[in-house]
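Below: one structure, written as structure tokens.
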Amino acid sequence: MRMSSASEEDIKSGKTADVYFGKTVGILSSGFPDRQVIMDVTFSGSEFPFILLSGLNDTLSMLEGKNVDVFAIPEGTLIPNRDIKGIPLPVLSISGRYREFSVMETALLGSLSQASGISTKSCMIRAAAGDLPYISFGIRRMHPAISPMIDRSAFIGGADGVSGLMGAELIGRDAVGTMPHALSLLLGDEEAWKMCAGITNGKKTLLIDTFDDEKFAALKAARLIKDLDYVRLDTPSSRRGNFGNIVREVRWELDLRGYKNVKIMVSGGLDVESVMDLRKAGAEAFGVGTSVASAKPVDFALDIVEIEGNPIAKRGKYSGRKKVLRCQDCRKVSVVPIDAKDENCSCGGEMENLLKPVMKKGKMVGRYPSPPEIRERAMDEMKKGSALLSLVIENGD
Ligand SMILES: [Zn+2]
């Protein structure tokens with residue numbers, strides 16, 4: 001039976017486009033000139049008043065080989081919805097003949113929208129977890145065809161590791177996982193824990209809530225397994241009551257009996273708020289799935305802003321090529337026409353144009369950064385842009 005997913009070839013050949021693009025190209029091809037246009041991608045909204053941009057890799061892959069020039073804000077950049085004057089930020093600007101690339105609109109918007117939604121949510125989880133490890137566990141909630149994209153976006157947003165094999169390969173790291181309840185059910189807790197601890201290279205993390213109460217099972221595992229690093233609590237919602245209080249109690253009992261080194265990892269339905277609460281309760285690692293993997297997509301749109309050198313845009317959009325300037329000191333962002341004079345920020349800081357050339361006549365400009373490099377940029381952006389994040393999250397205690 002055929003699976004209901006598109007292949008890379010299907011996407012690049014336009015098979016996943018909305019039907020009206022083919023119709024438009026058909027009409028334009030019947031004797032009308034193929035005009036040179038500039039089209040901007042802007043976003044009008046997301047779950048948060050800012051985004052952590054990602055997904056540009058797939059967008060560029062779709063445009064590669066077409067006769068287009070592309071300017072883009074680099075992946076891993078933290079940007080507000082609008083600039084200080086309220087003008088929406090173009091994150092990507094494509095110039096070329098309309099018929100050359102218009103059929104890619106559906107696919108490129110989809111990839112940018114979903115990836116950026118995931119990386120933005122992931123960056124909020126990162127902020128909520130502080131310096132503690134957070135692992136992306138969410139690919140089981142989404143279609144397998146996009147699992148590498150989900151893990152890549154979660155990683156760029158700040159996940160320390162990902163559970164998926166293909167996602168891990170894509171980001172150049174080993175996949176991270178603990179153990180399934182199934183192993184305890186099949187072998188019993190003690191045998192399952194011993195076997196798992198025996199084959200673990202990295203941190204020894206054991207799932208302890210298959211049969212017993214969290215407190216007693218945590219103590220049993222700590223007694224049984226030498227140098228245990230983490231007990232993982234994946235308490236089902238039907239047994240949860242107050243998850244924070246369960247974590248507090250387990251922490252207390254472990255400490256009291258000399259297992260201060262055994263940390264608590266939590267998972268199961270976590271989101272920004274619960275990560276903050278559980279961190280305060282004493283959890284020291286987080287497995288986050290659905291809330292990141294199914295993050296609300298960012299509303300990106302692609303619009304014509306110039307035809308044959310003349311600024312033109314539909315109602316509600318800003319015409320003409322633009323620069324997206326950001327002050328390197330105070331991080332203030334302002335969108336200005338491309339030919340605006342270079343001026344310093346009102347704070348005296350130097351302004352940088354965030355829209356960088358990334359593709360020239362369908363060929364990539366320079367080496368594209370690796371996912372770990374993009375993540376590093378994102379972490380630096382989060383540090384410098386903490387004022388933006390604090391709009392949503394109160395970080396730390
Ligand atoms: Zn400034």
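Quick note on naming: the chains in the structure tokens go A, B, ... in the order shown, residues restart at 1 in each chain, and ligands are numbered from 1 in order of appearance.
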Environment of ligand 1 within 7 Å, counting only C-alpha atoms and all ligand atoms, reported as a ChimeraX atom specification: /A:327-332,345-349
Export of prior selection with C-alpha atoms as a tab-separated table (two decimals), in the first residue's frame:
chain	number	residue	atom	x	y	z
A	327	CYS	CA	21.50	47.40	16.21
A	328	GLN	CA	24.43	45.34	17.37
A	329	ASP	CA	24.22	46.95	20.82
A	330	CYS	CA	20.57	47.45	21.81
A	331	ARG	CA	19.10	44.88	19.33
A	332	LYS	CA	16.51	47.36	18.07
A	345	CYS	CA	21.18	53.42	15.82
A	346	SER	CA	19.85	56.18	18.09
A	347	CYS	CA	21.84	54.49	20.88
A	348	GLY	CA	25.02	54.98	18.83
A	349	GLY	CA	25.38	51.29	18.03
What residues in region 27-94 of chain A get the DSSP label alpha helix (DSSP H)? Please answer as a list of chain:residue names.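 Selection result, alpha helix (DSSP H) within region 27-94 of chain A: A:Ile27, A:Leu28, A:Leu56, A:Asn57, A:Asp58, A:Thr59, A:Leu60, A:Ser61, A:Met62, A:Leu63.
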Can you tell me which residues surround region 42-52 of chain A at a distance of at most 6 Å, considering only C-alpha atoms, apart from same-chain residues fewer than 5 positions away, and format the answer as a list in words? Gly76, Thr77, Leu78, Ile79, Pro80, Asn81, Leu89, Pro90, Val91, Ser119, Thr120, Val298, Asp299, Phe300 and Ala301 of chain A
Near Ile225 (chain A), counting only C-alpha atoms, which residues have an atom at most 12 Å away, once you skip same-chain residues fewer than 5 positions from it, shown as a list in words? Asp189, Glu190, Glu191, Ala192, Trp193, Lys194, Met195, Cys196, Ala197, Gly198, Lys204, Thr205, Leu206, Ala217, Ala218, Leu219, Lys220, Tyr230, Val231, Tyr259 and Val262 of chain A
Serialized selection, N, CA and C atoms, as a PDB file, in the first residue's frame:
ATOM      1  N   ASP A 189      11.424  -5.016  36.405  1.00  0.00           N
ATOM      2  CA  ASP A 189      12.236  -3.806  36.601  1.00  0.00           C
ATOM      3  C   ASP A 189      13.728  -4.104  36.796  1.00  0.00           C
ATOM      4  N   GLU A 190      14.023  -5.011  37.740  1.00  0.00           N
ATOM      5  CA  GLU A 190      15.429  -5.206  38.133  1.00  0.00           C
ATOM      6  C   GLU A 190      16.295  -5.660  36.969  1.00  0.00           C
ATOM      7  N   GLU A 191      15.806  -6.663  36.237  1.00  0.00           N
ATOM      8  CA  GLU A 191      16.566  -7.189  35.095  1.00  0.00           C
ATOM      9  C   GLU A 191      16.701  -6.102  34.014  1.00  0.00           C
ATOM     10  N   ALA A 192      15.593  -5.391  33.762  1.00  0.00           N
ATOM     11  CA  ALA A 192      15.600  -4.347  32.728  1.00  0.00           C
ATOM     12  C   ALA A 192      16.591  -3.237  33.102  1.00  0.00           C
ATOM     13  N   TRP A 193      16.578  -2.821  34.350  1.00  0.00           N
ATOM     14  CA  TRP A 193      17.481  -1.750  34.787  1.00  0.00           C
ATOM     15  C   TRP A 193      18.941  -2.175  34.660  1.00  0.00           C
ATOM     16  N   LYS A 194      19.228  -3.419  35.119  1.00  0.00           N
ATOM     17  CA  LYS A 194      20.617  -3.903  35.059  1.00  0.00           C
ATOM     18  C   LYS A 194      21.098  -3.971  33.619  1.00  0.00           C
ATOM     19  N   MET A 195      20.270  -4.514  32.754  1.00  0.00           N
ATOM     20  CA  MET A 195      20.658  -4.650  31.345  1.00  0.00           C
ATOM     21  C   MET A 195      20.886  -3.277  30.714  1.00  0.00           C
ATOM     22  N   CYS A 196      19.968  -2.343  30.975  1.00  0.00           N
ATOM     23  CA  CYS A 196      20.084  -0.996  30.389  1.00  0.00           C
ATOM     24  C   CYS A 196      21.321  -0.281  30.910  1.00  0.00           C
ATOM     25  N   ALA A 197      21.519  -0.321  32.221  1.00  0.00           N
ATOM     26  CA  ALA A 197      22.675   0.365  32.814  1.00  0.00           C
ATOM     27  C   ALA A 197      23.966  -0.232  32.270  1.00  0.00           C
ATOM     28  N   GLY A 198      23.940  -1.541  31.997  1.00  0.00           N
ATOM     29  CA  GLY A 198      25.130  -2.234  31.517  1.00  0.00           C
ATOM     30  C   GLY A 198      25.541  -1.834  30.111  1.00  0.00           C
ATOM     31  N   LYS A 204      23.535   7.190  32.760  1.00  0.00           N
ATOM     32  CA  LYS A 204      22.652   6.075  33.099  1.00  0.00           C
ATOM     33  C   LYS A 204      21.317   6.636  33.573  1.00  0.00           C
ATOM     34  N   THR A 205      20.305   6.430  32.728  1.00  0.00           N
ATOM     35  CA  THR A 205      18.969   6.941  33.061  1.00  0.00           C
ATOM     36  C   THR A 205      17.977   5.783  33.048  1.00  0.00           C
ATOM     37  N   LEU A 206      17.270   5.570  34.134  1.00  0.00           N
ATOM     38  CA  LEU A 206      16.334   4.457  34.202  1.00  0.00           C
ATOM     39  C   LEU A 206      14.911   4.939  34.432  1.00  0.00           C
ATOM     40  N   ALA A 217      10.316   3.203  44.002  1.00  0.00           N
ATOM     41  CA  ALA A 217      11.039   2.682  42.842  1.00  0.00           C
ATOM     42  C   ALA A 217      12.345   3.442  42.631  1.00  0.00           C
ATOM     43  N   ALA A 218      12.333   4.757  42.885  1.00  0.00           N
ATOM     44  CA  ALA A 218      13.556   5.560  42.728  1.00  0.00           C
ATOM     45  C   ALA A 218      14.618   5.071  43.708  1.00  0.00           C
ATOM     46  N   LEU A 219      14.206   4.810  44.944  1.00  0.00           N
ATOM     47  CA  LEU A 219      15.158   4.338  45.956  1.00  0.00           C
ATOM     48  C   LEU A 219      15.687   2.947  45.600  1.00  0.00           C
ATOM     49  N   LYS A 220      14.787   2.109  45.093  1.00  0.00           N
ATOM     50  CA  LYS A 220      15.179   0.751  44.705  1.00  0.00           C
ATOM     51  C   LYS A 220      16.225   0.800  43.581  1.00  0.00           C
ATOM     52  N   TYR A 230      20.335   9.274  36.469  1.00  0.00           N
ATOM     53  CA  TYR A 230      18.978   9.826  36.497  1.00  0.00           C
ATOM     54  C   TYR A 230      17.947   8.739  36.753  1.00  0.00           C
ATOM     55  N   VAL A 231      16.925   9.065  37.530  1.00  0.00           N
ATOM     56  CA  VAL A 231      15.697   8.264  37.500  1.00  0.00           C
ATOM     57  C   VAL A 231      14.716   9.075  36.668  1.00  0.00           C
ATOM     58  N   TYR A 259      21.562   9.679  48.222  1.00  0.00           N
ATOM     59  CA  TYR A 259      21.618   9.588  46.754  1.00  0.00           C
ATOM     60  C   TYR A 259      21.478  10.973  46.120  1.00  0.00           C
ATOM     61  N   VAL A 262      21.933  11.187  42.324  1.00  0.00           N
ATOM     62  CA  VAL A 262      20.916  10.660  41.415  1.00  0.00           C
ATOM     63  C   VAL A 262      19.923  11.782  41.116  1.00  0.00           C
TER      64      VAL A 262
END
Pick from A:Tyr318, A:Tyr368, A:Phe286, A:Phe101: nearest to Tyr134 (chain A), with only C-alpha atoms counted?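 Nearest candidate to Tyr134 (chain A) out of A:Tyr318, A:Tyr368, A:Phe286, A:Phe101: A:Phe286.
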Which residues are near Leu354 (chain A)? Cut-off 9 Å, only C-alpha atoms, ignore same chain within fewer than 4 positions. Put them as a PDB file with C-alpha atoms, in the first residue's frame.
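Below is the file selection_6.pdb, written as the result:
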ATOM      1  CA  ALA A  72      17.655  35.668   3.861  1.00  0.00           C
ATOM      2  CA  ILE A  73      17.928  36.215   7.581  1.00  0.00           C
ATOM      3  CA  PRO A  74      20.161  33.365   8.817  1.00  0.00           C
ATOM      4  CA  THR A  77      18.110  34.279  14.381  1.00  0.00           C
ATOM      5  CA  VAL A  91      12.872  37.072   6.502  1.00  0.00           C
ATOM      6  CA  LYS A 323      16.990  46.091   4.500  1.00  0.00           C
ATOM      7  CA  VAL A 324      16.314  44.617   7.926  1.00  0.00           C
ATOM      8  CA  LEU A 325      18.647  46.528  10.187  1.00  0.00           C
ATOM      9  CA  ARG A 326      19.437  45.444  13.726  1.00  0.00           C
TER      10      ARG A 326
END
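When CA of Ser136 (chain A) is paired with CA of Gly161 (chain A), their separation reads 6.3 Å.
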Selection near Ile307 (chain A), 8 Å with only C-alpha atoms, sequence-local residues under 2 positions removed, as a list in words: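 In the requested form, the answer reads Arg35, Gln36, Val37, Ile38, Ile304, Val305, Gly309, Asn310, Pro311 and Ile312 of chain A.
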Long-range neighbours of region 337-344 of chain A as an MDAnalysis selection string, 7 Å cut-off, only C-alpha atoms, 5 positions minimum in chain: chainID A and resid 320:323 349:351
So how far away is CA of Val272 (chain A) from CA of Asp213 (chain A), in Å? 25.9 Å
